[in-house]
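As stored in final.tsv (TSV, C-alpha atoms):
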```tsv
chain	number	residue	atom	x	y	z
A	1133	MET	CA	112.60	84.87	80.54
A	1134	ASN	CA	110.07	87.05	78.80
A	1135	THR	CA	111.15	90.68	78.76
A	1136	SER	CA	109.69	94.07	78.02
A	1137	ALA	CA	111.92	96.45	76.04
A	1138	ALA	CA	111.26	99.25	78.56
A	1139	ALA	CA	111.65	97.11	81.67
A	1140	LEU	CA	114.81	96.92	83.75
A	1141	ILE	CA	113.47	93.97	85.75
A	1142	ASP	CA	112.56	90.67	84.08
A	1143	PHE	CA	110.25	88.01	85.49
A	1144	ASP	CA	108.93	84.91	83.81
A	1145	TRP	CA	105.66	86.76	83.34
A	1146	ASP	CA	103.80	83.81	81.83
A	1147	ASN	CA	104.31	81.90	85.07
A	1148	PHE	CA	104.32	84.79	87.53
A	1149	ASP	CA	102.46	83.95	90.74
A	1150	PRO	CA	102.42	86.74	93.35
A	1151	TRP	CA	102.47	84.16	96.16
A	1152	ARG	CA	105.39	82.11	94.80
A	1153	ILE	CA	109.12	82.70	95.34
A	1154	GLN	CA	110.94	83.05	92.02
A	1155	ASP	CA	114.20	84.26	90.51
A	1156	VAL	CA	114.39	87.48	88.49
A	1157	ARG	CA	116.94	89.28	86.33
A	1158	HIS	CA	117.64	92.99	86.10
A	1159	ARG	CA	119.70	95.68	84.37
A	1160	LEU	CA	120.22	98.12	87.24
A	1161	SER	CA	123.79	97.24	88.23
A	1162	ASP	CA	125.33	100.04	86.19
A	1163	HIS	CA	122.83	102.71	87.16
A	1164	PRO	CA	124.70	105.83	88.38
A	1165	LEU	CA	122.62	106.13	91.58
A	1166	LEU	CA	123.72	102.66	92.70
A	1167	GLN	CA	127.43	103.36	92.46
A	1168	PRO	CA	129.48	103.77	95.66
A	1169	ASP	CA	130.07	107.53	95.34
A	1170	GLN	CA	126.35	108.26	95.02
A	1171	LEU	CA	125.52	105.94	97.93
A	1172	VAL	CA	128.03	107.79	100.11
A	1173	ALA	CA	126.30	111.06	99.20
A	1174	LEU	CA	122.91	109.54	100.03
A	1175	GLY	CA	124.28	108.22	103.33
A	1176	LYS	CA	125.41	111.71	104.25
A	1177	ARG	CA	121.92	113.05	103.53
A	1178	PHE	CA	120.37	110.31	105.68
A	1179	GLN	CA	122.85	110.63	108.56
A	1180	GLY	CA	121.08	111.23	111.88
A	1181	SER	CA	117.68	110.12	110.59
A	1182	THR	CA	115.61	106.95	110.89
A	1183	ARG	CA	116.38	106.31	107.23
A	1184	LEU	CA	119.75	104.94	108.26
A	1185	PHE	CA	119.98	101.53	109.96
A	1186	THR	CA	123.24	99.73	110.64
A	1187	PHE	CA	124.98	97.10	112.77
A	1188	ASN	CA	128.34	95.32	112.91
A	1189	ASN	CA	129.01	91.91	111.43
A	1190	GLU	CA	129.17	90.06	114.74
A	1191	ALA	CA	125.41	89.63	114.39
A	1192	GLY	CA	124.32	86.18	113.26
A	1193	ALA	CA	121.23	84.68	111.70
A	1194	ASP	CA	119.66	84.31	115.16
A	1195	ALA	CA	119.87	88.02	116.05
A	1196	ASN	CA	116.50	89.72	116.60
A	1197	PHE	CA	116.18	92.21	113.77
A	1198	ASP	CA	114.31	94.61	116.08
A	1199	ASP	CA	117.31	94.84	118.44
A	1200	VAL	CA	120.29	94.11	116.21
A	1201	GLY	CA	121.33	97.75	115.80
A	1202	ARG	CA	121.45	98.23	119.57
A	1203	LEU	CA	123.08	94.91	120.42
A	1204	TYR	CA	125.67	95.03	117.63
A	1205	PRO	CA	126.33	98.73	117.07
A	1206	ASN	CA	128.30	100.09	114.13
A	1207	ARG	CA	129.74	103.33	115.48
A	1208	LYS	CA	131.15	104.60	112.20
A	1209	SER	CA	129.37	107.34	110.27
A	1210	ALA	CA	127.43	106.46	107.16
A	1211	ALA	CA	130.11	108.02	104.95
A	1212	ASP	CA	132.96	106.21	106.67
A	1213	THR	CA	131.09	102.90	106.58
A	1214	LEU	CA	130.15	103.18	102.93
A	1215	GLN	CA	133.54	104.45	101.77
A	1216	GLY	CA	135.37	101.71	103.63
A	1217	ILE	CA	132.81	98.93	103.37
A	1218	ASN	CA	135.40	96.31	102.46
A	1219	ASP	CA	136.99	96.60	105.93
A	1220	ALA	CA	134.14	98.16	107.92
A	1221	LYS	CA	132.80	94.83	109.24
A	1222	ALA	CA	129.35	96.35	109.00
A	1223	TRP	CA	125.89	96.09	107.46
A	1224	MET	CA	124.07	99.27	106.45
A	1225	LEU	CA	120.56	99.89	105.18
A	1226	LEU	CA	119.49	103.11	103.48
A	1227	ARG	CA	115.75	103.00	104.23
A	1228	HIS	CA	112.87	104.50	102.29
A	1229	VAL	CA	115.06	105.91	99.53
A	1230	GLN	CA	111.86	106.94	97.74
A	1231	ASP	CA	111.72	109.85	100.20
A	1232	ASP	CA	114.76	111.31	98.45
A	1233	PRO	CA	113.54	113.02	95.24
A	1234	THR	CA	116.41	111.67	93.15
A	1235	TYR	CA	116.00	108.09	94.33
A	1236	ARG	CA	112.22	108.22	93.98
A	1237	GLY	CA	112.93	108.60	90.29
A	1238	LEU	CA	115.00	105.41	90.40
A	1239	VAL	CA	112.21	103.50	92.17
A	1240	ASN	CA	109.74	104.67	89.53
A	1241	LEU	CA	112.13	103.87	86.69
A	1242	ALA	CA	112.32	100.28	87.89
A	1243	MET	CA	108.69	99.81	88.93
A	1244	ASP	CA	106.61	101.73	86.39
A	1245	PRO	CA	107.20	99.35	83.44
A	1246	ILE	CA	106.44	96.20	85.44
A	1247	GLN	CA	103.45	97.48	87.39
A	1248	PRO	CA	100.93	96.60	84.63
A	1249	LEU	CA	102.44	93.13	84.33
A	1250	ILE	CA	102.23	92.53	88.07
A	1251	GLU	CA	98.71	93.91	88.28
A	1252	ARG	CA	97.40	91.44	85.71
A	1253	LYS	CA	97.52	88.90	88.57
A	1254	ASP	CA	97.91	91.07	91.66
A	1255	PRO	CA	96.05	94.37	91.22
A	1256	GLY	CA	96.12	97.48	93.34
A	1257	MET	CA	99.85	98.20	93.65
A	1258	HIS	CA	100.61	100.90	96.22
A	1259	TYR	CA	103.05	101.73	99.01
A	1260	ARG	CA	106.17	101.52	96.86
A	1261	ALA	CA	109.51	101.73	98.64
A	1262	GLY	CA	113.20	101.35	97.95
A	1263	TRP	CA	115.82	99.92	100.31
A	1264	ILE	CA	119.55	99.84	99.58
A	1265	PHE	CA	121.74	97.38	101.49
A	1266	VAL	CA	125.51	97.75	101.64
A	1267	ALA	CA	127.40	95.03	103.51
A	1268	SER	CA	130.96	94.07	104.27
A	1269	PRO	CA	132.30	90.61	103.41
A	1270	ARG	CA	131.07	87.73	105.58
A	1271	THR	CA	128.08	89.62	106.94
A	1272	VAL	CA	124.69	88.15	107.84
A	1273	THR	CA	121.25	89.70	107.48
A	1274	PRO	CA	119.38	88.08	110.40
A	1275	PHE	CA	116.39	85.82	109.84
A	1276	HIS	CA	113.19	87.88	109.56
A	1277	ILE	CA	109.99	88.51	107.61
A	1278	ASP	CA	108.69	91.61	105.77
A	1279	ARG	CA	105.21	93.07	105.42
A	1280	ASN	CA	105.26	93.70	101.67
A	1281	HIS	CA	106.08	91.84	98.49
A	1282	GLY	CA	109.76	92.38	97.70
A	1283	ILE	CA	112.06	92.24	94.68
A	1284	LEU	CA	115.65	91.83	95.89
A	1285	LEU	CA	118.19	92.80	93.22
A	1286	GLN	CA	121.94	92.23	93.50
A	1287	VAL	CA	124.02	95.15	92.20
A	1288	ARG	CA	127.61	94.41	93.27
A	1289	GLY	CA	129.32	91.43	94.90
A	1290	THR	CA	127.64	88.11	95.66
A	1291	LYS	CA	125.42	86.80	98.42
A	1292	ARG	CA	123.43	83.73	99.37
A	1293	VAL	CA	119.74	84.32	100.01
A	1294	TYR	CA	117.83	81.70	102.00
A	1295	VAL	CA	114.07	81.95	101.51
A	1296	TRP	CA	111.19	79.90	102.89
A	1297	ASP	CA	107.59	79.76	101.70
A	1298	ALA	CA	105.19	81.94	103.65
A	1299	SER	CA	103.06	78.82	104.15
A	1300	ASP	CA	105.86	77.03	106.03
A	1301	THR	CA	104.55	77.36	109.57
A	1302	GLU	CA	107.33	75.13	110.90
A	1303	VAL	CA	109.77	77.92	110.08
A	1304	CYS	CA	107.50	80.84	110.99
A	1305	SER	CA	104.23	80.23	112.81
A	1306	GLU	CA	100.87	81.74	112.00
A	1307	ARG	CA	100.91	83.39	115.42
A	1308	ALA	CA	104.29	85.01	114.63
A	1309	ARG	CA	102.78	86.52	111.48
A	1310	ASP	CA	99.75	87.81	113.40
A	1311	VAL	CA	101.99	89.56	115.91
A	1312	PHE	CA	104.26	90.91	113.20
A	1313	HIS	CA	101.46	92.49	111.20
A	1314	ALA	CA	99.70	93.88	114.25
A	1315	ARG	CA	102.73	95.21	116.13
A	1316	HIS	CA	105.67	94.96	113.73
A	1317	ASP	CA	107.24	92.72	116.36
A	1318	LEU	CA	109.67	89.95	115.35
A	1319	GLU	CA	109.98	88.38	118.79
A	1320	LEU	CA	108.25	85.17	117.68
A	1321	VAL	CA	110.26	84.91	114.45
A	1322	LYS	CA	113.01	82.63	115.77
A	1323	TRP	CA	115.99	81.20	113.88
A	1324	ASN	CA	116.98	77.55	114.03
A	1325	GLU	CA	119.95	76.13	112.12
A	1326	SER	CA	117.81	73.20	110.98
A	1327	PHE	CA	115.80	75.63	108.85
A	1328	ARG	CA	118.58	75.72	106.26
A	1329	GLU	CA	117.52	72.28	105.04
A	1330	ARG	CA	114.04	73.59	104.19
A	1331	ALA	CA	115.14	76.75	102.38
A	1332	ARG	CA	115.34	77.68	98.76
A	1333	VAL	CA	118.84	79.06	98.32
A	1334	PHE	CA	119.70	81.68	95.69
A	1335	THR	CA	123.33	82.60	95.01
A	1336	LEU	CA	123.05	86.08	93.58
A	1337	GLY	CA	125.56	88.04	91.56
A	1338	PRO	CA	125.12	91.37	89.74
A	1339	GLY	CA	122.08	91.33	87.48
A	1340	MET	CA	120.38	88.57	89.46
A	1341	GLY	CA	117.59	88.73	92.02
A	1342	VAL	CA	114.76	87.00	93.80
A	1343	TYR	CA	111.09	87.85	94.28
A	1344	MET	CA	109.79	87.16	97.80
A	1345	PRO	CA	106.08	87.33	98.63
A	1346	ILE	CA	104.90	89.01	101.81
A	1347	THR	CA	106.13	87.36	105.06
A	1348	CYS	CA	108.35	84.81	103.33
A	1349	PRO	CA	111.04	84.22	105.97
A	1350	HIS	CA	114.53	84.94	104.71
A	1351	MET	CA	118.16	85.23	105.80
A	1352	VAL	CA	121.13	86.50	103.79
A	1353	GLU	CA	124.89	85.91	103.90
A	1354	THR	CA	127.49	87.85	101.94
A	1355	THR	CA	130.54	86.04	100.62
A	1356	ASP	CA	134.21	87.21	100.61
A	1357	GLU	CA	133.50	90.53	98.92
A	1358	PRO	CA	131.41	93.59	99.78
A	1359	SER	CA	127.84	93.67	98.54
A	1360	ILE	CA	125.40	96.27	97.24
A	1361	THR	CA	121.73	95.29	96.87
A	1362	ILE	CA	118.53	97.20	96.21
A	1363	SER	CA	115.14	95.90	97.30
A	1364	LEU	CA	111.94	97.27	95.79
A	1365	THR	CA	108.86	96.59	97.87
A	1366	TYR	CA	105.17	97.24	97.39
A	1367	SER	CA	101.73	96.33	98.64
A	1368	THR	CA	98.65	95.29	96.66
A	1369	ALA	CA	94.97	94.93	97.41
A	1370	ALA	CA	95.62	91.27	98.27
A	1371	THR	CA	98.54	91.94	100.63
A	1372	ARG	CA	96.48	94.60	102.39
A	1373	ARG	CA	93.64	92.13	102.94
A	1374	ASN	CA	96.13	89.52	104.16
A	1375	ALA	CA	97.74	91.93	106.64
A	1376	MET	CA	94.41	93.16	108.00
A	1377	ARG	CA	93.25	89.59	108.60
A	1378	HIS	CA	96.42	88.93	110.60
A	1379	VAL	CA	95.88	92.14	112.60
A	1380	MET	CA	92.35	91.01	113.39
A	1381	ASN	CA	93.53	87.53	114.38
A	1382	ASP	CA	96.05	89.06	116.78
A	1383	PHE	CA	93.24	91.13	118.30
A	1384	LEU	CA	91.06	88.03	118.74
A	1385	TYR	CA	93.92	86.04	120.25
A	1386	ARG	CA	94.56	88.74	122.83
A	1387	LYS	CA	90.86	88.67	123.70
A	1388	GLY	CA	91.12	84.95	124.47
A	1389	ILE	CA	89.57	83.76	121.20
A	1390	LYS	CA	91.52	81.26	119.11
A	1391	PRO	CA	91.31	82.58	115.53
A	1392	VAL	CA	91.07	80.59	112.32
A	1393	PRO	CA	94.44	80.82	110.49
A	1394	VAL	CA	94.47	83.21	107.56
A	1395	GLY	CA	93.70	81.46	104.28
A	1396	LYS	CA	92.13	78.34	105.79
A	1397	ARG	CA	88.46	79.29	105.39
A	1398	PRO	CA	87.51	81.82	102.71
A	1399	LEU	CA	84.25	82.81	104.41
A	1400	VAL	CA	86.03	83.48	107.70
A	1401	ASP	CA	88.68	85.48	105.82
A	1402	THR	CA	85.94	87.61	104.28
A	1403	LEU	CA	84.30	88.28	107.63
A	1404	THR	CA	87.63	88.95	109.33
A	1405	TYR	CA	88.63	91.45	106.67
A	1406	ALA	CA	85.27	93.22	106.86
A	1407	THR	CA	85.58	93.52	110.63
A	1408	ALA	CA	89.16	94.72	110.43
A	1409	SER	CA	88.18	97.30	107.81
A	1410	ALA	CA	85.47	98.65	110.10
A	1411	LEU	CA	87.91	98.88	113.01
A	1412	VAL	CA	90.50	100.69	110.90
A	1413	ALA	CA	87.85	103.10	109.63
A	1414	ALA	CA	86.89	103.82	113.24
A	1415	ARG	CA	90.57	104.53	114.01
A	1416	GLY	CA	90.85	101.40	116.13
A	1417	VAL	CA	92.99	98.30	115.70
A	1418	GLY	CA	95.26	98.51	112.66
A	1419	SER	CA	94.62	102.19	112.00
A	1420	ARG	CA	98.05	103.42	113.05
A	1421	PRO	CA	101.59	102.15	113.70
A	1422	PRO	CA	102.89	99.73	114.79
A	1423	ALA	CA	100.46	98.16	112.30
A	1424	CYS	CA	101.58	99.19	108.82
A	1425	PRO	CA	100.35	102.73	108.04
A	1426	SER	CA	99.18	101.50	104.64
A	1427	LEU	CA	96.29	99.66	106.32
A	1428	ALA	CA	94.71	103.01	107.16
A	1429	HIS	CA	96.13	105.01	104.26
A	1430	PRO	CA	97.11	103.00	101.16
A	1431	SER	CA	99.33	105.76	99.75
A	1432	ALA	CA	101.30	105.50	96.54
A	1433	TYR	CA	104.64	105.45	98.40
A	1434	ALA	CA	105.56	103.93	101.75
A	1435	VAL	CA	106.14	106.23	104.69
A	1436	ALA	CA	108.95	105.81	107.22
A	1437	ASP	CA	107.58	104.43	110.50
```

Could you show the structure in this file as structure tokens?
Amino acid sequence: MNTSAAALIDFDWDNFDPWRIQDVRHRLSDHPLLQPDQLVALGKRFQGSTRLFTFNNEAGADANFDDVGRLYPNRKSAADTLQGINDAKAWMLLRHVQDDPTYRGLVNLAMDPIQPLIERKDPGMHYRAGWIFVASPRTVTPFHIDRNHGILLQVRGTKRVYVWDASDTEVCSERARDVFHARHDLELVKWNESFRERARVFTLGPGMGVYMPITCPHMVETTDEPSITISLTYSTAATRRNAMRHVMNDFLYRKGIKPVPVGKRPLVDTLTYATASALVAARGVGSRPPACPSLAHPSAYAVAD
């Protein structure tokens, strides 16, 4: 892969396509802020806030990500879970670590050098965020989609990442994406075991990773050892347009109008985006959560919602 001397994340930049799944390499595994003692300290700071999300490892691929914390509760504290992750039988996410001043520095350290390289093909980077996943052995991250481009980087342990193209409407329908962008609702994002045959599967160890474009369905399984992973997410001008078109299509659908799928007719996409932009500006559809706050305010860093 082509590398930049200052970059800690390496893509094949000559062939980088912001809408294509691809493997990456990184040099973050030894960073002090990603070591267990520092993650325990961060967990203590996040305890009792929405920046902490956790469940037990009875959850499977078919669990609804919106409800998994309630249906499969992990009743241990963040510190106890993280300190004893090998036997905790738990999955824990430290959300929006960029809100912590120390970890914002880590997000910037990783993203600043590659931003110009990404923006050569996908300009307008904004809404940066960091997410740190710590999981016990034999733990599943349920099948779901995300509303930003994501760079998933394995720090410790190994895991299998199953990823499907965003264009695979057999795995995740266009309607499911409309609802997700408009209401951040995963109810229509349903797992089926047959999907495994259609996936790209990445077996990640420390120093390895995978880039996943916006709304690429994915599911993750840890192996027989605990896992630490950091995901760096961001939006661009193109992802914002894509999300707003989906929000508008959900609005049309609920008004009894069958919308044209996003990306099928460029002229319709242009008109849909213009209409959605006007509605957001008027503080209507898409201007506030559950639609992503970045649609109304494309800030440099993501905000917890």

Name all residues at most 8 Å from Val1321 (chain A) (count all atoms listed in the file; drop same-chain ones fewer than 3 positions away) and give them as a list in words. Phe1275, His1276, Ile1277, Cys1304, Ser1305, Ala1308 and Leu1318 of chain A

Pick from A:Ala1410, A:His1258, A:Arg1328, A:Lys1396, whichever lies nearest to Asp1244 (chain A) using all atoms listed in the file: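 Ranked by minimum distance to Asp1244 (chain A), first place goes to A:His1258.
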
Point-to-point distance from CA of Leu1284 (chain A) to CA of Asp1401 (chain A), Å rounded to tenths: 29.4 Å

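Closest approach to Lys1221 (chain A) among A:Glu1357, A:Asp1317, A:Asp1155, A:Asp1437: A:Glu1357, based on only C-alpha atoms.
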
Of the residues A:Glu1306, A:Asp1198, A:Asp1146, A:Glu1251, which is the one nearest to Pro1391 (chain A), using all atoms listed in the file? A:Glu1306

May I ask which of the residues A:Ala1413, A:Ala1436, A:Val1333, A:Leu1427 is the closest one to Gln1154 (chain A), counting all atoms listed in the file?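 For Gln1154 (chain A), the nearest of the candidates is A:Val1333.
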
Smallest atom-to-atom distance to Leu1226 (chain A): which of A:Thr1347, A:Thr1301, A:Gln1247, A:Ser1181, using only C-alpha atoms? A:Ser1181

With all atoms listed in the file as the counted atoms, please give the residues lying no more than 12 Å from Arg1236 (chain A), apart from itself and same-chain residues fewer than 6 positions off, as an NGL selection string. :A and (1165 or 1228-1230 or 1242-1244 or 1260-1263 or 1364 or 1432-1434)

Pairwise distance, CA of His1313 (chain A) with CA of Arg1279 (chain A), equals 6.9 Å

Selection near Thr1371 (chain A), 10 Å with only C-alpha atoms, sequence-local residues under 2 positions removed, as a ChimeraX atom specification: /A:1150-1151,1254,1256-1257,1279-1281,1345-1347,1366-1369,1373-1377,1427

Which residue out of A:His1158, A:Arg1288, A:His1429, A:Arg1252 has the minimum interatomic distance to Thr1354 (chain A) when all atoms listed in the file are used? A:Arg1288

Name all residues at most 12 Å from Gln1215 (chain A) (count only C-alpha atoms; drop same-chain ones fewer than 3 positions away) and give them as a PyMOL selection string. chain A and resi 1167-1176+1208-1212+1218-1220+1222+1224+1266-1268+1358

Residues from last step as file, C-alpha atoms, as a PDB file, in the frame of the given file:
```pdb
ATOM      1  CA  GLN A1167     127.430 103.360  92.460  1.00  0.00           C
ATOM      2  CA  PRO A1168     129.480 103.770  95.660  1.00  0.00           C
ATOM      3  CA  ASP A1169     130.070 107.530  95.340  1.00  0.00           C
ATOM      4  CA  GLN A1170     126.350 108.260  95.020  1.00  0.00           C
ATOM      5  CA  LEU A1171     125.520 105.940  97.930  1.00  0.00           C
ATOM      6  CA  VAL A1172     128.030 107.790 100.110  1.00  0.00           C
ATOM      7  CA  ALA A1173     126.300 111.060  99.200  1.00  0.00           C
ATOM      8  CA  LEU A1174     122.910 109.540 100.030  1.00  0.00           C
ATOM      9  CA  GLY A1175     124.280 108.220 103.330  1.00  0.00           C
ATOM     10  CA  LYS A1176     125.410 111.710 104.250  1.00  0.00           C
ATOM     11  CA  LYS A1208     131.150 104.600 112.200  1.00  0.00           C
ATOM     12  CA  SER A1209     129.370 107.340 110.270  1.00  0.00           C
ATOM     13  CA  ALA A1210     127.430 106.460 107.160  1.00  0.00           C
ATOM     14  CA  ALA A1211     130.110 108.020 104.950  1.00  0.00           C
ATOM     15  CA  ASP A1212     132.960 106.210 106.670  1.00  0.00           C
ATOM     16  CA  ASN A1218     135.400  96.310 102.460  1.00  0.00           C
ATOM     17  CA  ASP A1219     136.990  96.600 105.930  1.00  0.00           C
ATOM     18  CA  ALA A1220     134.140  98.160 107.920  1.00  0.00           C
ATOM     19  CA  ALA A1222     129.350  96.350 109.000  1.00  0.00           C
ATOM     20  CA  MET A1224     124.070  99.270 106.450  1.00  0.00           C
ATOM     21  CA  VAL A1266     125.510  97.750 101.640  1.00  0.00           C
ATOM     22  CA  ALA A1267     127.400  95.030 103.510  1.00  0.00           C
ATOM     23  CA  SER A1268     130.960  94.070 104.270  1.00  0.00           C
ATOM     24  CA  PRO A1358     131.410  93.590  99.780  1.00  0.00           C
TER      25      PRO A1358
END
```
